[in-house]
file upload-v2.cif (mmCIF, C-alpha atoms)
data_model
loop_
_atom_site.label_atom_id
_atom_site.label_comp_id
_atom_site.auth_asym_id
_atom_site.auth_seq_id
_atom_site.Cartn_x
_atom_site.Cartn_y
_atom_site.Cartn_z
CA MET A 456 193.28 103.79 126.17
CA THR A 457 195.33 105.19 129.03
CA GLU A 458 193.55 107.64 131.25
CA LYS A 459 195.13 111.06 131.56
CA THR A 460 194.84 112.89 134.85
CA PHE A 461 195.64 116.39 136.04
CA LYS A 462 199.15 116.93 137.32
CA GLN A 463 200.55 120.21 138.54
CA GLU A 464 203.91 120.71 137.03
CA LYS A 465 204.87 124.21 138.05
CA VAL A 466 204.05 126.57 140.90
CA GLY A 467 201.27 128.94 139.90
CA CYS A 468 198.80 126.46 138.46
CA TYR A 469 200.16 126.62 134.94
CA LEU A 470 199.16 123.73 132.76
CA LEU A 471 202.09 123.28 130.42
CA GLU A 472 200.44 120.56 128.42
CA THR A 473 196.78 120.40 127.48
CA LYS A 474 194.98 117.33 128.67
CA LYS A 475 191.60 115.98 127.81
CA ALA A 476 188.83 116.13 130.39
CA LYS A 477 186.77 113.04 130.98
CA PRO A 478 183.25 112.96 129.56
CA PHE A 479 180.66 113.80 132.17
CA GLU A 480 176.95 113.09 132.31
CA PRO A 481 174.93 115.13 134.80
CA GLY A 482 173.40 112.54 137.10
CA THR A 483 170.47 114.42 138.63
CA LYS A 484 167.30 114.80 136.61
CA PRO A 485 165.68 118.23 136.52
CA GLU A 486 162.05 118.80 137.46
CA LEU A 487 161.09 120.70 134.35
CA LYS A 488 161.97 120.03 130.73
CA PRO A 489 161.44 122.34 127.75
CA GLU A 490 158.88 121.39 125.12
CA TRP A 491 158.48 123.05 121.72
CA ASP A 492 155.20 124.08 120.11
CA LYS A 493 155.81 123.69 116.39
CA ASP A 494 152.91 125.97 115.44
CA LEU A 495 154.50 128.95 117.19
CA CYS A 496 158.16 128.14 116.52
CA VAL A 497 159.74 130.13 113.66
CA ARG A 498 163.11 128.35 113.84
CA CYS A 499 165.08 131.49 114.78
CA ALA A 500 167.65 129.38 116.69
CA LEU A 501 167.69 131.71 119.72
CA CYS A 502 167.10 128.79 122.11
CA TYR A 503 170.02 127.00 120.52
CA LEU A 504 172.27 130.06 120.96
CA TYR A 505 171.38 130.70 124.58
CA CYS A 506 171.61 127.14 125.95
CA PRO A 507 174.58 127.01 128.36
CA ASP A 508 174.62 123.20 128.45
CA ALA A 509 174.71 122.68 124.67
CA ALA A 510 171.67 120.43 125.11
CA ILE A 511 169.55 121.84 122.27
CA SER A 512 170.22 120.54 118.80
CA ARG A 513 168.60 121.03 115.41
CA GLN A 514 166.48 118.21 114.10
CA GLU A 515 166.27 117.15 110.49
CA ASP A 516 163.05 119.11 109.88
CA GLY A 517 164.70 122.35 111.08
CA TYR A 518 162.97 122.53 114.46
CA PHE A 519 164.81 122.19 117.76
CA ALA A 520 164.74 119.66 120.58
CA ALA A 521 166.58 119.21 123.89
CA ASP A 522 168.71 116.25 124.84
CA ASP A 523 167.25 114.63 127.96
CA GLU A 524 170.64 113.67 129.35
CA LEU A 525 172.32 117.06 128.98
CA CYS A 526 169.43 119.42 129.81
CA LYS A 527 169.57 120.77 133.36
CA GLY A 528 166.20 122.51 133.21
CA CYS A 529 167.42 126.07 133.77
CA GLY A 530 164.62 127.57 131.66
CA ILE A 531 166.70 130.14 129.74
CA CYS A 532 165.22 128.94 126.43
CA HIS A 533 161.70 129.36 127.81
CA ARG A 534 162.47 132.87 129.02
CA GLU A 535 164.25 134.02 125.87
CA CYS A 536 161.85 132.64 123.25
CA TRP A 537 160.22 135.66 121.57
CA PHE A 538 157.21 133.75 120.37
CA GLY A 539 156.37 131.77 123.50
CA ALA A 540 156.88 128.50 121.69
CA ILE A 541 158.75 126.81 124.53
CA SER A 542 156.97 125.70 127.69
CA MET A 543 158.53 124.05 130.71
CA VAL A 544 156.76 120.75 131.37
CA LYS A 545 157.01 118.44 134.35
CA GLU A 546 158.53 115.08 133.50
CA GLY A 547 156.58 111.89 133.82
CA MET B 947 155.97 136.23 111.08
CA ASP B 948 155.87 133.71 108.26
CA LYS B 949 157.30 136.39 105.97
CA PHE B 950 160.78 135.79 107.34
CA SER B 951 162.46 132.52 106.59
CA LEU B 952 166.08 133.30 107.42
CA TYR B 953 167.29 134.27 110.90
CA ALA B 954 170.80 135.25 111.93
CA GLY B 955 171.11 132.31 114.31
CA GLN B 956 170.78 129.90 111.44
CA LEU B 957 173.91 131.27 109.79
CA LEU B 958 176.09 129.69 112.48
CA SER B 959 177.23 126.13 112.15
CA PHE B 960 175.22 123.66 114.19
CA ARG B 961 178.17 121.45 114.99
CA GLU B 962 178.78 121.39 118.71
CA GLN B 963 182.40 121.63 119.78
CA PHE B 964 181.93 122.74 123.37
CA ALA B 965 181.67 119.93 125.94
CA PRO B 966 179.73 117.53 123.71
CA LYS B 967 179.23 115.14 126.60
CA GLY B 968 178.19 117.50 129.36
CA HIS B 969 179.98 119.59 131.95
CA ARG B 970 179.85 120.25 135.67
CA ALA B 971 178.56 123.84 135.68
CA CYS B 972 175.38 124.81 137.57
CA GLN B 973 171.99 125.33 135.96
CA GLY B 974 171.95 128.48 133.82
CA CYS B 975 175.69 129.16 134.17
CA GLY B 976 176.78 132.37 132.44
CA VAL B 977 180.44 131.31 132.28
CA ALA B 978 179.56 128.05 130.50
CA LEU B 979 177.43 130.04 128.04
CA ALA B 980 180.27 132.49 127.36
CA VAL B 981 182.80 129.69 126.90
CA ARG B 982 180.44 128.02 124.46
CA HIS B 983 180.18 131.22 122.44
CA VAL B 984 183.98 131.55 122.41
CA TYR B 985 184.21 127.98 121.09
CA LYS B 986 181.60 128.85 118.44
CA ALA B 987 183.67 131.83 117.35
CA LEU B 988 186.95 129.94 117.04
CA GLU B 989 185.88 126.47 115.94
CA GLU B 990 186.71 127.04 112.29
CA ARG B 991 189.98 128.79 113.04
CA VAL B 992 191.75 126.79 115.72
CA LYS B 993 193.26 123.54 114.55
CA ASP B 994 192.41 120.29 116.37
CA PHE B 995 189.41 121.91 117.96
CA GLU B 996 187.21 118.91 117.26
CA LYS B 997 188.81 116.80 119.92
CA ALA B 998 189.03 119.60 122.44
CA GLN B 999 187.00 119.46 125.61
CA TRP B 1000 188.22 122.30 127.80
CA GLN B 1001 191.58 121.58 126.27
CA ILE B 1002 192.86 125.14 126.14
CA PRO B 1003 195.16 126.11 129.03
CA TRP B 1004 193.41 128.35 131.51
CA GLN B 1005 194.19 130.02 134.81
CA HIS B 1006 192.01 130.91 137.74
CA THR B 1007 193.34 134.20 139.00
CA VAL B 1008 192.37 137.25 140.97
CA LEU B 1009 192.51 140.54 139.11
CA ALA B 1010 192.81 143.45 141.48
CA PRO B 1011 192.40 146.77 139.66
CA SER B 1012 192.30 149.16 142.60
CA GLY B 1013 193.53 147.16 145.56
CA LYS B 1014 190.21 147.71 147.29
CA SER B 1015 187.95 145.61 145.12
CA THR B 1016 188.78 142.40 143.38
CA THR B 1017 186.97 140.30 140.85
CA GLU B 1018 187.77 136.64 140.62
CA PRO B 1019 187.47 135.54 137.03
CA ALA B 1020 188.81 132.65 135.06
CA LEU B 1021 191.40 133.87 132.60
CA LEU B 1022 191.71 131.97 129.36
CA SER B 1023 194.83 132.62 127.33
CA ILE B 1024 195.02 131.28 123.79
CA ALA B 1025 198.37 131.38 122.03
CA LYS B 1026 197.76 132.44 118.45
CA ASP B 1027 199.38 131.14 115.28
CA ALA B 1028 202.93 132.12 114.49
CA GLN B 1029 201.49 134.17 111.65
CA ALA B 1030 199.49 136.53 113.84
CA GLY B 1031 201.64 136.36 116.98
CA GLY B 1032 200.82 137.31 120.54
CA THR B 1033 198.19 135.95 122.88
CA LEU B 1034 194.45 136.39 123.16
CA TYR B 1035 193.44 136.83 126.80
CA ILE B 1036 189.77 136.28 127.60
CA CYS B 1037 188.53 137.15 131.07
CA PHE B 1038 185.32 135.42 132.20
CA ASP B 1039 184.19 137.72 134.97
CA ASN B 1040 181.39 136.44 137.21
CA GLU B 1041 181.89 139.16 139.86
CA CYS B 1042 182.13 136.64 142.66
CA VAL B 1043 183.78 138.97 145.12
CA GLU B 1044 184.45 137.68 148.59
CA GLY B 1045 182.61 139.77 151.15
CA LYS B 1046 180.60 142.91 150.55
CA ILE B 1047 180.11 144.19 147.02
CA ASP B 1048 180.48 147.90 146.37
CA LYS B 1049 180.24 150.03 143.26
CA ASP B 1050 183.97 149.90 142.54
CA ALA B 1051 183.63 146.20 141.72
CA LEU B 1052 180.75 146.81 139.29
CA ILE B 1053 182.44 149.39 137.06
CA LYS B 1054 185.23 147.59 135.26
CA LYS B 1055 188.73 148.97 135.09
CA GLN B 1056 190.52 146.00 133.52
CA PRO B 1057 189.96 147.14 129.89
CA ALA B 1058 191.53 150.51 130.73
CA ILE B 1059 194.52 148.71 132.28
CA ALA B 1060 194.93 146.66 129.11
CA VAL B 1061 194.80 149.85 126.99
CA ALA B 1062 197.45 151.43 129.22
CA ASN B 1063 199.63 148.38 128.62
CA SER B 1064 199.35 149.03 124.86
CA PHE B 1065 197.34 145.95 123.94
CA SER B 1066 196.50 146.01 120.26
CA TYR B 1067 192.86 144.98 120.68
CA VAL B 1068 190.70 145.39 123.79
CA ALA B 1069 186.98 144.73 123.98
CA THR B 1070 184.12 144.06 126.39
CA ALA B 1071 181.43 141.50 125.62
CA CYS B 1072 178.48 139.76 127.20
CA PRO B 1073 176.84 136.41 126.29
CA SER B 1074 173.46 138.16 126.11
CA HIS B 1075 174.70 139.64 122.81
CA PRO B 1076 176.14 136.48 121.21
CA PHE B 1077 176.88 137.80 117.73
CA ASP B 1078 178.70 140.79 119.14
CA LEU B 1079 180.77 138.43 121.33
CA ILE B 1080 181.58 136.06 118.47
CA GLU B 1081 182.60 138.95 116.22
CA LYS B 1082 184.92 140.38 118.89
CA VAL B 1083 186.59 137.04 119.66
CA ARG B 1084 187.25 136.50 115.97
CA ARG B 1085 188.65 140.01 115.59
CA GLY B 1086 190.86 139.45 118.64
CA TRP B 1087 192.07 136.22 117.13
CA GLU B 1088 192.97 137.88 113.84
CA THR B 1089 194.64 141.01 115.23
CA ALA B 1090 198.39 140.69 115.70
CA GLY B 1091 199.81 141.29 119.17
CA GLN B 1092 198.34 141.07 122.66
CA CYS B 1093 194.56 141.15 122.81
CA PHE B 1094 192.19 141.28 125.78
CA ILE B 1095 188.46 140.58 125.93
CA HIS B 1096 186.51 141.12 129.12
CA ILE B 1097 183.28 139.08 129.28
CA LEU B 1098 180.64 139.69 131.94
CA CYS B 1099 179.11 136.33 132.90
CA PRO B 1100 176.02 136.41 135.12
CA CYS B 1101 176.20 133.79 137.88
CA PRO B 1102 172.84 132.60 139.29
CA VAL B 1103 174.39 131.18 142.46
CA GLY B 1104 176.66 134.09 143.31
CA TRP B 1105 174.25 136.86 142.33
CA GLU B 1106 171.21 135.05 143.74
CA TYR B 1107 168.57 135.34 141.04
CA PRO B 1108 166.39 132.68 139.36
CA PHE B 1109 168.25 130.46 136.88
CA GLU B 1110 166.26 131.48 133.82
CA SER B 1111 167.25 135.18 134.07
CA THR B 1112 170.92 134.73 133.14
CA VAL B 1113 170.64 136.20 129.65
CA ARG B 1114 168.14 138.82 130.76
CA LEU B 1115 170.43 140.15 133.49
CA GLY B 1116 173.36 140.38 131.08
CA ARG B 1117 171.15 142.38 128.74
CA MET B 1118 170.06 144.64 131.62
CA ALA B 1119 173.69 145.35 132.53
CA VAL B 1120 174.33 146.42 128.94
CA GLU B 1121 171.11 148.40 128.56
CA SER B 1122 171.66 150.31 131.80
CA ARG B 1123 175.18 151.25 130.59
CA LEU B 1124 176.70 149.62 133.67
CA PHE B 1125 178.68 147.35 131.36
CA PRO B 1126 178.86 149.14 127.99
CA LEU B 1127 179.97 147.03 125.05
CA TYR B 1128 182.86 148.68 123.24
CA GLU B 1129 186.09 147.85 121.54
CA ILE B 1130 189.43 149.61 121.25
CA SER B 1131 191.39 148.76 118.17
CA GLY B 1132 194.68 150.54 117.55
CA GLY B 1133 193.78 153.27 120.04
CA PHE B 1134 190.38 154.04 118.47
CA TYR B 1135 187.28 153.61 120.61
CA HIS B 1136 184.08 152.25 119.16
CA ILE B 1137 180.86 151.61 121.08
CA THR B 1138 179.37 148.51 119.45
CA VAL B 1139 176.03 148.26 121.24
CA ASP B 1140 174.53 151.65 122.05
CA GLU B 1141 171.30 152.16 123.93
CA PRO B 1142 169.85 155.62 123.22
CA ASN B 1143 167.39 155.38 126.10
CA PRO B 1144 169.27 153.63 128.92
CA ARG B 1145 167.38 151.65 131.50
CA PRO B 1146 167.70 152.85 135.12
CA VAL B 1147 170.29 150.77 136.96
CA SER B 1148 167.87 150.12 139.83
CA ASP B 1149 166.08 147.57 137.58
CA TYR B 1150 169.29 145.57 137.42
CA ILE B 1151 170.06 145.96 141.14
CA LYS B 1152 166.61 144.94 142.35
CA GLN B 1153 166.65 141.64 140.46
CA GLN B 1154 169.52 140.31 142.56
CA LYS B 1155 169.56 139.37 146.22
CA ARG B 1156 173.28 140.11 146.57
CA PHE B 1157 172.36 143.80 146.62
CA SER B 1158 169.75 143.35 149.36
CA HIS B 1159 171.80 145.53 151.73
CA TRP B 1160 171.91 148.40 149.23
CA LYS B 1161 169.89 151.53 150.01
CA ALA B 1162 168.59 154.25 147.67
CA PRO B 1163 171.60 156.62 148.10
CA GLN B 1164 174.00 153.87 147.03
CA ILE B 1165 171.96 153.18 143.89
CA ALA B 1166 171.85 156.91 143.11
CA ALA B 1167 175.63 157.17 143.55
CA LEU B 1168 176.12 154.22 141.20
CA GLN B 1169 173.81 155.82 138.62
CA ASP B 1170 175.82 159.05 138.77
CA GLU B 1171 179.09 157.19 138.32
CA ILE B 1172 177.70 155.18 135.39
CA SER B 1173 176.70 158.33 133.52
CA ALA B 1174 180.08 159.96 134.27
CA VAL B 1175 182.04 156.91 133.06
CA PHE B 1176 179.87 156.52 129.96
CA SER B 1177 180.21 160.20 128.99
CA GLN B 1178 184.00 159.82 129.18
CA LEU B 1179 183.74 156.77 126.95
CA GLU B 1180 181.46 158.60 124.50
CA GLU B 1181 183.94 161.48 124.35
CA LYS B 1182 186.76 159.10 123.43
CA ALA B 1183 184.56 157.43 120.82
CA THR B 1184 183.67 160.75 119.16
CA ILE B 1185 187.33 161.72 118.84
CA ALA B 1186 187.85 158.63 116.72
CA LYS B 1187 185.15 159.76 114.29
#

call {"tool": "encode", "arguments": {"input": "upload-v2.cif", "output": "structure tokens"}}
result
Amino acid sequence: MTEKTFKQEKVGCYLLETKKAKPFEPGTKPELKPEWDKDLCVRCALCYLYCPDAAISRQEDGYFAADDELCKGCGICHRECWFGAISMVKEG
Amino acid sequence: MDKFSLYAGQLLSFREQFAPKGHRACQGCGVALAVRHVYKALEERVKDFEKAQWQIPWQHTVLAPSGKSTTEPALLSIAKDAQAGGTLYICFDNECVEGKIDKDALIKKQPAIAVANSFSYVATACPSHPFDLIEKVRRGWETAGQCFIHILCPCPVGWEYPFESTVRLGRMAVESRLFPLYEISGGFYHITVDEPNPRPVSDYIKQQKRFSHWKAPQIAALQDEISAVFSQLEEKATIAK
């Protein structure tokens, strides 16, 4: 596979042709990670909607979990959960 | 709460089209959240969206409505199908103004400029109201002609607030009527999210350190201008009815 790179073709930063960005994994690990309490969770999918990193995905049983590699630990899901089902836990 | 088994969030598809392998935005980035919602809105409509990873052409421009104040948003322009025609312009506004921020930068004039340029669909949206945003992007995609959507994206680094408050601050901007959510379709105004008892704007101002130099008279002046601008908007919306 040949690697495509950005090339400015016209003055004014117009990209005439769309090019694919390279996949990127955030290298730094956050301090806090979200953890779900299944007794309180009602599966309303608000945490899924409000995650800016697209780290939260739905599991087979309908509950939600965060991807360790993509999560940056911003805590939006913890703040926005109506039922207090998400707590931010220190890793390790 | 066990009585309810179906929630609106579950009606969306759980396939992830936006940056499936990570992106370089900061923690709690409002722009990344808004872009993700735009992807969610269009994923069934745009062809070859599966392979896309920031594949849509975009520009980073400075929009200067009054000459005095500028906002520096990313402007995403999506060329529509030949069937519908025109272009959908989406402005991701994170209010990162160089230098001092004043009240002219907070009250948006870009939608009014788009209306004056006879765009067929103009709307404002915020990622704190995701269904409203998704609905507006879809409507903009389906309407023929030039369409403009202005999205307010809270920025934790530029506005200096804790990362987890991104969605909360967007909601505060809407609830205080600083950034009312409305749409203009074919010249008719419609306020989509209305708050009968608006929150005082000082709640929104005091959350952010970028307003640390603001004093009480400035906040009062902003509050007066908000109510003046919103009453104009309400007047236009009632004419449509």

call {"tool": "closest_residue", "arguments": {"input": "upload-v2.cif", "among": "A:Ala520, A:Val497, A:Cys536, A:Leu487", "to": "chain B", "atoms": "only C-alpha atoms"}}
result
A:Val497

call {"tool": "resolve_selection", "arguments": {"input": "upload-v2.cif", "expression": "the PyMOL selection byres ((chain B and resi 1157) around 12)", "output": "list in words"}}
result
Gly1045, Lys1046, Ile1047, Asp1048, Lys1049, Leu1052, Gly1104, Trp1105, Glu1106, Tyr1107, Ser1148, Asp1149, Tyr1150, Ile1151, Lys1152, Gln1153, Gln1154, Lys1155, Arg1156, Ser1158, His1159, Trp1160, Lys1161, Ala1162, Gln1164 and Ile1165 of chain B

call {"tool": "resolve_selection", "arguments": {"input": "upload-v2.cif", "expression": "the PyMOL selection byres ((chain A and resi 501-518) around 8)", "output": "count of residues only"}}
result
36

call {"tool": "atom_distance", "arguments": {"input": "upload-v2.cif", "atom1": "atom CA of B:Gly1086", "atom2": "atom CA of B:Asp1050"}}
result
27.0 Å

call {"tool": "closest_residue", "arguments": {"input": "upload-v2.cif", "among": "B:Phe1077, B:Tyr1067, B:Tyr1035, B:Tyr1135", "to": "chain A", "atoms": "only C-alpha atoms"}}
result
B:Phe1077

call {"tool": "atom_distance", "arguments": {"input": "upload-v2.cif", "atom1": "atom CA of B:Val1103", "atom2": "atom CA of B:Cys972"}}
result
8.1 Å

call {"tool": "resolve_selection", "arguments": {"input": "upload-v2.cif", "expression": "the PyMOL selection byres ((chain A and resi 543) around 8)", "output": "compact mmCIF listing (two decimals) with C-alpha atoms, in the frame of the given file"}}
result
# COMPACT_ATOMS: atom_id res chain seq x y z
CA LEU A 487 161.09 120.70 134.35
CA LYS A 488 161.97 120.03 130.73
CA PRO A 489 161.44 122.34 127.75
CA GLU A 490 158.88 121.39 125.12
CA GLY A 530 164.62 127.57 131.66
CA HIS A 533 161.70 129.36 127.81
CA ILE A 541 158.75 126.81 124.53
CA SER A 542 156.97 125.70 127.69
CA VAL A 544 156.76 120.75 131.37
CA LYS A 545 157.01 118.44 134.35

call {"tool": "residues_around", "arguments": {"input": "upload-v2.cif", "residues": "stretch 1126-1129 of chain B", "least_positions_apart": "4", "cutoff": "12 Å", "atoms": "all atoms listed in the file", "output": "PyMOL selection string"}}
result
chain B and resi 1052-1054+1057-1058+1060-1061+1065-1076+1078-1079+1081-1083+1085-1086+1093-1098+1116-1122+1133-1141+1144+1172-1173+1175-1180+1182-1183+1186

call {"tool": "closest_residue", "arguments": {"input": "upload-v2.cif", "among": "A:Glu486, A:Glu546, A:Phe538, A:Cys529", "to": "chain B", "atoms": "only C-alpha atoms"}}
result
A:Cys529

call {"tool": "closest_residue", "arguments": {"input": "upload-v2.cif", "among": "B:Thr1033, B:Ser1131, B:Ser959, B:Gln1169", "to": "chain A", "atoms": "only C-alpha atoms"}}
result
B:Ser959
